[in-house]
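As stored in my_file.cif (mmCIF, C-alpha atoms):
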data_input
#
loop_
_atom_site.group_PDB
_atom_site.id
_atom_site.type_symbol
_atom_site.label_atom_id
_atom_site.label_comp_id
_atom_site.auth_asym_id
_atom_site.auth_seq_id
_atom_site.Cartn_x
_atom_site.Cartn_y
_atom_site.Cartn_z
ATOM 1 C CA MET A 711 93.678 63.366 137.904
ATOM 2 C CA SER A 712 94.593 60.292 135.927
ATOM 3 C CA ARG A 713 97.526 60.274 133.576
ATOM 4 C CA ARG A 714 95.228 59.790 130.617
ATOM 5 C CA LYS A 715 93.200 62.899 131.494
ATOM 6 C CA LEU A 716 96.346 64.950 131.902
ATOM 7 C CA LEU A 717 97.609 63.870 128.511
ATOM 8 C CA LEU A 718 94.241 64.700 126.958
ATOM 9 C CA ALA A 719 94.240 68.161 128.544
ATOM 10 C CA CYS A 720 97.752 68.875 127.312
ATOM 11 C CA THR A 721 96.948 67.717 123.787
ATOM 12 C CA LEU A 722 93.861 69.943 123.759
ATOM 13 C CA ALA A 723 95.924 72.934 124.901
ATOM 14 C CA VAL A 724 98.378 72.443 122.045
ATOM 15 C CA ILE A 725 95.577 72.089 119.476
ATOM 16 C CA LEU A 726 93.903 75.268 120.731
ATOM 17 C CA ALA A 727 97.189 77.152 120.483
ATOM 18 C CA ILE A 728 97.771 76.397 116.804
ATOM 19 C CA PRO A 729 95.271 78.865 115.262
ATOM 20 C CA ARG A 730 96.555 81.640 117.513
ATOM 21 C CA ILE A 731 100.135 81.098 116.456
ATOM 22 C CA ALA A 732 98.983 81.384 112.846
ATOM 23 C CA ASN A 733 97.426 84.751 113.777
ATOM 24 C CA SER A 734 100.776 86.493 114.090
ATOM 25 C CA LEU A 735 100.864 88.905 111.166
ATOM 26 C CA THR A 736 103.736 90.894 109.754
ATOM 27 C CA LEU A 737 103.203 93.874 107.498
ATOM 28 C CA ASN A 738 104.385 91.864 104.515
ATOM 29 C CA GLN A 739 101.714 89.264 105.231
ATOM 30 C CA LEU A 740 99.098 92.007 105.536
ATOM 31 C CA LEU A 741 100.136 93.407 102.163
ATOM 32 C CA ASP A 742 99.331 90.083 100.543
ATOM 33 C CA MET A 743 95.788 90.090 101.904
ATOM 34 C CA PRO A 744 92.790 91.456 100.040
ATOM 35 C CA ILE A 745 91.460 94.695 101.483
ATOM 36 C CA GLU A 746 88.189 92.991 102.422
ATOM 37 C CA ARG A 747 90.135 90.794 104.818
ATOM 38 C CA LEU A 748 92.042 93.752 106.257
ATOM 39 C CA LEU A 749 88.712 95.323 107.130
ATOM 40 C CA ARG A 750 87.865 92.292 109.251
ATOM 41 C CA LEU A 751 91.093 92.207 111.246
ATOM 42 C CA GLU A 752 91.077 93.472 114.811
ATOM 43 C CA ILE A 753 93.932 95.549 116.106
ATOM 44 C CA THR A 754 95.365 94.456 119.428
ATOM 45 C CA SER A 755 97.323 97.546 120.328
ATOM 46 C CA ARG A 756 96.694 101.223 119.795
ATOM 47 C CA HIS A 757 100.067 102.318 121.012
ATOM 48 C CA LEU A 758 102.566 104.013 118.772
ATOM 49 C CA SER A 759 104.989 101.375 117.566
ATOM 50 C CA GLN A 760 108.312 103.229 117.517
ATOM 51 C CA PRO A 761 107.781 106.904 116.897
ATOM 52 C CA ALA A 762 110.598 108.445 114.984
ATOM 53 C CA ALA A 763 111.940 111.732 116.307
ATOM 54 C CA LEU A 764 111.148 113.598 113.148
ATOM 55 C CA TRP A 765 108.715 116.170 114.339
ATOM 56 C CA PRO A 766 110.410 119.273 115.585
ATOM 57 C CA PRO A 767 107.487 121.637 115.052
ATOM 58 C CA SER A 768 108.570 125.045 113.913
ATOM 59 C CA ALA A 769 106.770 128.200 114.938
ATOM 60 C CA LYS A 770 104.797 128.096 111.679
ATOM 61 C CA GLU A 771 103.648 124.498 112.031
ATOM 62 C CA PRO A 772 100.596 123.421 114.014
ATOM 63 C CA PRO A 773 101.345 121.937 117.443
ATOM 64 C CA ALA A 774 101.731 118.179 117.590
ATOM 65 C CA VAL A 775 98.919 116.426 119.422
ATOM 66 C CA GLU A 776 99.637 113.311 121.429
ATOM 67 C CA HIS A 777 98.149 110.324 119.694
ATOM 68 C CA ARG A 778 95.298 108.561 121.420
ATOM 69 C CA ASP A 779 96.226 105.718 123.711
ATOM 70 C CA ALA A 780 94.516 102.437 124.235
ATOM 71 C CA PRO A 781 91.136 102.870 125.918
ATOM 72 C CA MET B 628 109.584 63.185 142.175
ATOM 73 C CA PRO B 629 106.464 61.028 141.914
ATOM 74 C CA ARG B 630 105.327 60.309 138.403
ATOM 75 C CA SER B 631 102.011 62.194 138.639
ATOM 76 C CA THR B 632 103.712 65.300 140.081
ATOM 77 C CA GLY B 633 106.199 65.281 137.252
ATOM 78 C CA MET B 634 103.383 64.980 134.754
ATOM 79 C CA ARG B 635 101.541 67.896 136.320
ATOM 80 C CA ALA B 636 104.669 70.045 136.214
ATOM 81 C CA TRP B 637 105.173 69.147 132.564
ATOM 82 C CA CYS B 638 101.579 70.073 131.742
ATOM 83 C CA LEU B 639 101.825 73.335 133.647
ATOM 84 C CA GLY B 640 105.008 74.224 131.792
ATOM 85 C CA LEU B 641 103.413 73.404 128.470
ATOM 86 C CA ALA B 642 100.349 75.472 129.319
ATOM 87 C CA LEU B 643 102.554 78.449 130.232
ATOM 88 C CA ILE B 644 104.437 78.178 126.950
ATOM 89 C CA VAL B 645 101.171 77.911 125.019
ATOM 90 C CA PHE B 646 99.566 80.940 126.662
ATOM 91 C CA ALA B 647 102.738 83.033 126.526
ATOM 92 C CA GLY B 648 102.921 82.152 122.852
ATOM 93 C CA ARG B 649 99.346 83.311 122.402
ATOM 94 C CA ALA B 650 100.030 86.634 124.043
ATOM 95 C CA LEU B 651 103.117 87.264 121.954
ATOM 96 C CA SER B 652 101.887 85.983 118.625
ATOM 97 C CA ASN B 653 98.458 87.578 118.584
ATOM 98 C CA ASP B 654 99.896 91.035 118.013
ATOM 99 C CA LEU B 655 98.503 93.452 115.450
ATOM 100 C CA PRO B 656 99.376 97.068 116.233
ATOM 101 C CA GLU B 657 97.100 99.781 114.869
ATOM 102 C CA TYR B 658 99.713 101.371 112.663
ATOM 103 C CA ARG B 659 100.866 98.122 111.122
ATOM 104 C CA LEU B 660 97.343 97.580 109.857
ATOM 105 C CA LYS B 661 97.006 101.214 108.810
ATOM 106 C CA ALA B 662 100.220 100.903 106.787
ATOM 107 C CA ALA B 663 98.638 97.984 104.938
ATOM 108 C CA PHE B 664 95.580 100.117 104.232
ATOM 109 C CA ILE B 665 97.722 102.939 102.879
ATOM 110 C CA TYR B 666 99.338 100.495 100.464
ATOM 111 C CA ASN B 667 95.913 99.326 99.337
ATOM 112 C CA PHE B 668 94.741 102.908 98.905
ATOM 113 C CA ALA B 669 97.651 103.489 96.523
ATOM 114 C CA LEU B 670 96.815 100.265 94.678
ATOM 115 C CA PHE B 671 93.160 101.192 94.250
ATOM 116 C CA THR B 672 93.917 104.640 92.877
ATOM 117 C CA GLU B 673 94.210 105.331 89.183
ATOM 118 C CA TRP B 674 97.372 107.376 88.766
ATOM 119 C CA PRO B 675 97.976 109.714 85.820
ATOM 120 C CA ALA B 676 100.595 108.456 83.383
ATOM 121 C CA ASP B 677 102.800 111.520 83.734
ATOM 122 C CA ILE B 678 103.809 111.195 87.382
ATOM 123 C CA GLY B 679 106.933 109.143 86.788
ATOM 124 C CA PRO B 680 108.186 105.705 87.785
ATOM 125 C CA THR B 681 107.987 106.150 91.564
ATOM 126 C CA LEU B 682 105.258 107.023 94.040
ATOM 127 C CA ASN B 683 106.617 109.010 96.943
ATOM 128 C CA LEU B 684 104.664 108.106 100.059
ATOM 129 C CA CYS B 685 105.250 110.898 102.539
ATOM 130 C CA VAL B 686 104.435 110.735 106.222
ATOM 131 C CA TYR B 687 103.854 114.312 107.212
ATOM 132 C CA GLY B 688 104.236 115.265 110.850
ATOM 133 C CA ARG B 689 104.876 113.112 113.849
ATOM 134 C CA ASP B 690 105.453 109.638 112.445
ATOM 135 C CA PRO B 691 103.213 107.102 114.199
ATOM 136 C CA PHE B 692 104.471 104.153 112.135
ATOM 137 C CA GLY B 693 108.060 103.984 113.306
ATOM 138 C CA GLU B 694 110.055 101.396 111.419
ATOM 139 C CA GLU B 695 106.880 99.571 110.450
ATOM 140 C CA ILE B 696 106.123 101.540 107.307
ATOM 141 C CA ASN B 697 109.637 100.991 105.924
ATOM 142 C CA ALA B 698 108.366 97.599 104.748
ATOM 143 C CA LEU B 699 106.477 99.517 102.041
ATOM 144 C CA GLN B 700 109.749 100.724 100.543
ATOM 145 C CA SER B 701 109.998 99.635 96.886
ATOM 146 C CA LYS B 702 106.668 97.793 96.958
ATOM 147 C CA PRO B 703 105.040 97.755 93.534
ATOM 148 C CA VAL B 704 101.975 99.838 92.759
ATOM 149 C CA GLY B 705 101.131 98.913 89.198
ATOM 150 C CA ASP B 706 104.210 99.768 87.146
ATOM 151 C CA ARG B 707 105.584 102.052 89.842
ATOM 152 C CA ARG B 708 107.470 101.558 93.087
ATOM 153 C CA LEU B 709 106.767 103.151 96.436
ATOM 154 C CA VAL B 710 109.374 105.322 98.103
ATOM 155 C CA VAL B 711 108.725 106.086 101.779
ATOM 156 C CA ARG B 712 109.712 109.519 103.013
ATOM 157 C CA ARG B 713 109.274 111.364 106.294
ATOM 158 C CA VAL B 714 108.439 114.989 105.808
ATOM 159 C CA THR B 715 108.407 117.696 108.425
ATOM 160 C CA SER B 716 107.516 120.789 106.441
ATOM 161 C CA VAL B 717 104.889 121.579 103.826
ATOM 162 C CA ALA B 718 107.611 122.810 101.479
ATOM 163 C CA GLU B 719 108.855 119.221 101.153
ATOM 164 C CA LEU B 720 105.415 117.944 100.097
ATOM 165 C CA THR B 721 105.988 118.985 96.487
ATOM 166 C CA VAL B 722 107.775 115.669 95.800
ATOM 167 C CA CYS B 723 104.963 113.507 97.246
ATOM 168 C CA GLN B 724 102.247 111.599 95.424
ATOM 169 C CA VAL B 725 100.737 110.066 98.574
ATOM 170 C CA VAL B 726 100.664 112.060 101.802
ATOM 171 C CA PHE B 727 99.679 110.621 105.145
ATOM 172 C CA ILE B 728 98.862 113.540 107.414
ATOM 173 C CA ALA B 729 99.821 112.358 110.876
ATOM 174 C CA ASP B 730 98.422 113.890 114.019
ATOM 175 C CA ALA B 731 95.977 115.738 111.894
ATOM 176 C CA SER B 732 94.305 118.407 113.932
ATOM 177 C CA GLY B 733 91.883 120.793 112.262
ATOM 178 C CA GLU B 734 94.406 123.527 111.611
ATOM 179 C CA GLY B 735 97.037 120.996 110.502
ATOM 180 C CA ILE B 736 94.822 119.500 107.830
ATOM 181 C CA SER B 737 93.803 122.803 106.285
ATOM 182 C CA HIS B 738 97.429 123.887 106.384
ATOM 183 C CA VAL B 739 98.524 120.801 104.421
ATOM 184 C CA LEU B 740 95.558 120.802 102.053
ATOM 185 C CA SER B 741 96.062 124.404 101.053
ATOM 186 C CA ALA B 742 99.725 123.643 100.351
ATOM 187 C CA LEU B 743 98.690 120.713 98.131
ATOM 188 C CA ARG B 744 95.875 122.473 96.294
ATOM 189 C CA GLY B 745 95.883 121.498 92.618
ATOM 190 C CA ALA B 746 98.653 118.922 93.030
ATOM 191 C CA THR B 747 98.272 115.281 92.032
ATOM 192 C CA VAL B 748 98.481 113.952 95.560
ATOM 193 C CA LEU B 749 96.440 111.307 97.339
ATOM 194 C CA THR B 750 95.821 112.677 100.822
ATOM 195 C CA ILE B 751 95.270 110.216 103.667
ATOM 196 C CA ALA B 752 94.636 110.850 107.345
ATOM 197 C CA ASP B 753 93.348 109.106 110.450
ATOM 198 C CA SER B 754 91.606 111.917 112.182
ATOM 199 C CA PRO B 755 87.876 112.195 112.837
ATOM 200 C CA GLY B 756 86.249 114.520 110.311
ATOM 201 C CA ALA B 757 89.307 114.734 108.050
ATOM 202 C CA ALA B 758 87.386 113.567 104.963
ATOM 203 C CA ARG B 759 84.874 116.375 105.437
ATOM 204 C CA GLN B 760 87.750 118.801 105.600
ATOM 205 C CA GLY B 761 89.002 117.656 102.192
ATOM 206 C CA VAL B 762 91.252 114.646 102.813
ATOM 207 C CA ALA B 763 90.636 112.046 100.092
ATOM 208 C CA LEU B 764 90.777 108.962 102.360
ATOM 209 C CA ASN B 765 90.409 108.984 106.120
ATOM 210 C CA MET B 766 90.810 105.996 108.415
ATOM 211 C CA ASN B 767 88.930 105.448 111.651
ATOM 212 C CA VAL B 768 88.993 102.742 114.293
ATOM 213 C CA MET B 769 85.625 101.191 115.106
ATOM 214 C CA ASN B 770 85.356 98.186 117.402
ATOM 215 C CA ASP B 771 89.091 97.607 117.011
ATOM 216 C CA LYS B 772 88.727 97.402 113.225
ATOM 217 C CA ILE B 773 89.876 99.911 110.655
ATOM 218 C CA THR B 774 87.238 101.607 108.551
ATOM 219 C CA PHE B 775 87.676 104.414 106.082
ATOM 220 C CA GLU B 776 85.714 107.164 104.415
ATOM 221 C CA ALA B 777 86.369 108.691 101.019
ATOM 222 C CA ASN B 778 86.030 112.196 99.684
ATOM 223 C CA LEU B 779 85.483 111.897 95.937
ATOM 224 C CA THR B 780 85.572 115.623 95.358
ATOM 225 C CA ALA B 781 89.005 115.829 96.953
ATOM 226 C CA ALA B 782 90.288 112.913 94.886
ATOM 227 C CA ARG B 783 88.944 114.400 91.662
ATOM 228 C CA ALA B 784 90.407 117.794 92.485
ATOM 229 C CA ALA B 785 93.769 116.027 92.758
ATOM 230 C CA ASN B 786 93.227 114.469 89.316
ATOM 231 C CA LEU B 787 92.930 111.014 90.868
ATOM 232 C CA LYS B 788 90.318 108.334 90.377
ATOM 233 C CA LEU B 789 89.494 106.019 93.267
ATOM 234 C CA SER B 790 88.394 102.554 92.197
ATOM 235 C CA SER B 791 84.752 101.597 92.520
ATOM 236 C CA LYS B 792 85.820 98.635 94.645
ATOM 237 C CA LEU B 793 87.529 100.913 97.141
ATOM 238 C CA LEU B 794 84.515 103.198 97.254
ATOM 239 C CA SER B 795 82.186 100.263 97.822
ATOM 240 C CA LEU B 796 84.149 99.339 100.955
ATOM 241 C CA ALA B 797 84.146 102.850 102.409
ATOM 242 C CA THR B 798 81.805 103.575 105.312
ATOM 243 C CA GLU B 799 80.970 106.913 103.720
ATOM 244 C CA VAL B 800 81.642 108.455 100.335
ATOM 245 C CA LEU B 801 81.479 112.225 100.250
ATOM 246 C CA GLN B 802 80.548 113.528 96.795
#
Could the structure of this file be written out as structure tokens, please?
Amino acid sequence: MSRRKLLLACTLAVILAIPRIANSLTLNQLLDMPIERLLRLEITSRHLSQPAALWPPSAKEPPAVEHRDAP
Amino acid sequence: MPRSTGMRAWCLGLALIVFAGRALSNDLPEYRLKAAFIYNFALFTEWPADIGPTLNLCVYGRDPFGEEINALQSKPVGDRRLVVRRVTSVAELTVCQVVFIADASGEGISHVLSALRGATVLTIADSPGAARQGVALNMNVMNDKITFEANLTAARAANLKLSSKLLSLATEVLQ
């Protein structure tokens, strides 16, 4: 492959990467979006983020059900 | 190292960085997005004037948000501020204005709803069929996107008015 083609391929890779980098969203960024836009966003992970150990079910409470995992 | 080999190595390295960056940056966990929806639900609800200067957002049950939802702490909802609380018993729900019912199984929902009967509380869940059981707003995941359904009767019974804009975006509005 010629040097020119390699440079072109690398430049293209960088250009393609830019929109994806902009796609990284924090909760604070999500809060600034209109709800119509939130409805269009696709989730990438259906795992629990960091479950807090705050659910010691007592005898009176219903049993905790494991949350669904990614398909 | 020959010049072309060095160039190839450089390109390969760059490509690896680019694709690793893609994998890391394109991250939107389910419960981060659901936390944003909960905030919007609070925004699009008309709250009675007599509920005080704060809105207590309570996560009831096994918390699926982790640290994520802490970003909602002190966020403004009209003239009020959100306070995030984790609640493990129905007795603690008396201080809440917004309740997210986590891990809502059939019995769990009715248990919570009967404890909240007559209270000015916006109930939210993410369990199939929860709106039909009496939860005011219920989130679902369809094609990796969040949708929600609304139960107007439940909202009215809680002395809350959901905005027409919110209702227009719901997949189903139960009257």
Problem set entry | Residue contacts of Ala698 in chain B (12 Å, all atoms listed in the file) excluding same-chain residues fewer than 4 positions away, as a PyMOL selection string | (chain A and resi 736-741) or (chain B and resi 659+662-663+666+692-694+702-703+709-711)
Problem set entry | Test item: residues at most 9 Å from range 745-753 of chain A, only C-alpha atoms, excluding those fewer than 6 positions along its chain, as JSON, numbers by chain | {"B": [654, 655, 656, 657, 658, 659, 660, 663, 664, 667, 768, 770, 771, 772, 773, 774, 793, 796]}
For this session: Could you tell me how far CA of Glu673 in chain B lies from CA of Lys788 in chain B, in Å and to one decimal?
Result: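 For CA of Glu673 in chain B relative to CA of Lys788 in chain B, the distance reads 5.1 Å.
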Problem set entry | range 746-757 of chain B environment, 6 Å, only C-alpha atoms, sequence neighbours closer than 5 positions dropped, as a PyMOL selection string | chain B and resi 724-728+731+762-767+785-786
For this session: Name the closest residue to Phe668 in chain B among the candidates A:Thr721, A:Lys715, A:Arg756, A:Pro744; distances are taken between atoms, counting only C-alpha atoms.
Result: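 Of A:Thr721, A:Lys715, A:Arg756, A:Pro744, the one nearest Phe668 in chain B is A:Pro744, counting only C-alpha atoms.
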Seminar exercise, completed: One decimal place gives the CA of Ser716 in chain B-CA of Pro691 in chain B separation as 16.3 Å
Exercise. Care to translate the PyMOL selection byres ((chain B and resi 802) around 7) into actual residues of this file, as a PyMOL selection string?
Worked result: chain B and resi 778-780+800-801
Seminar exercise, completed: CA of Tyr687 in chain B sits from CA of Cys723 in chain B at a separation of 10.1 Å
Problem set entry | Which residue of B:Gly688, B:Gly745, B:Pro680, B:Pro675 approaches chain A most closely, using all atoms listed in the file | B:Gly688
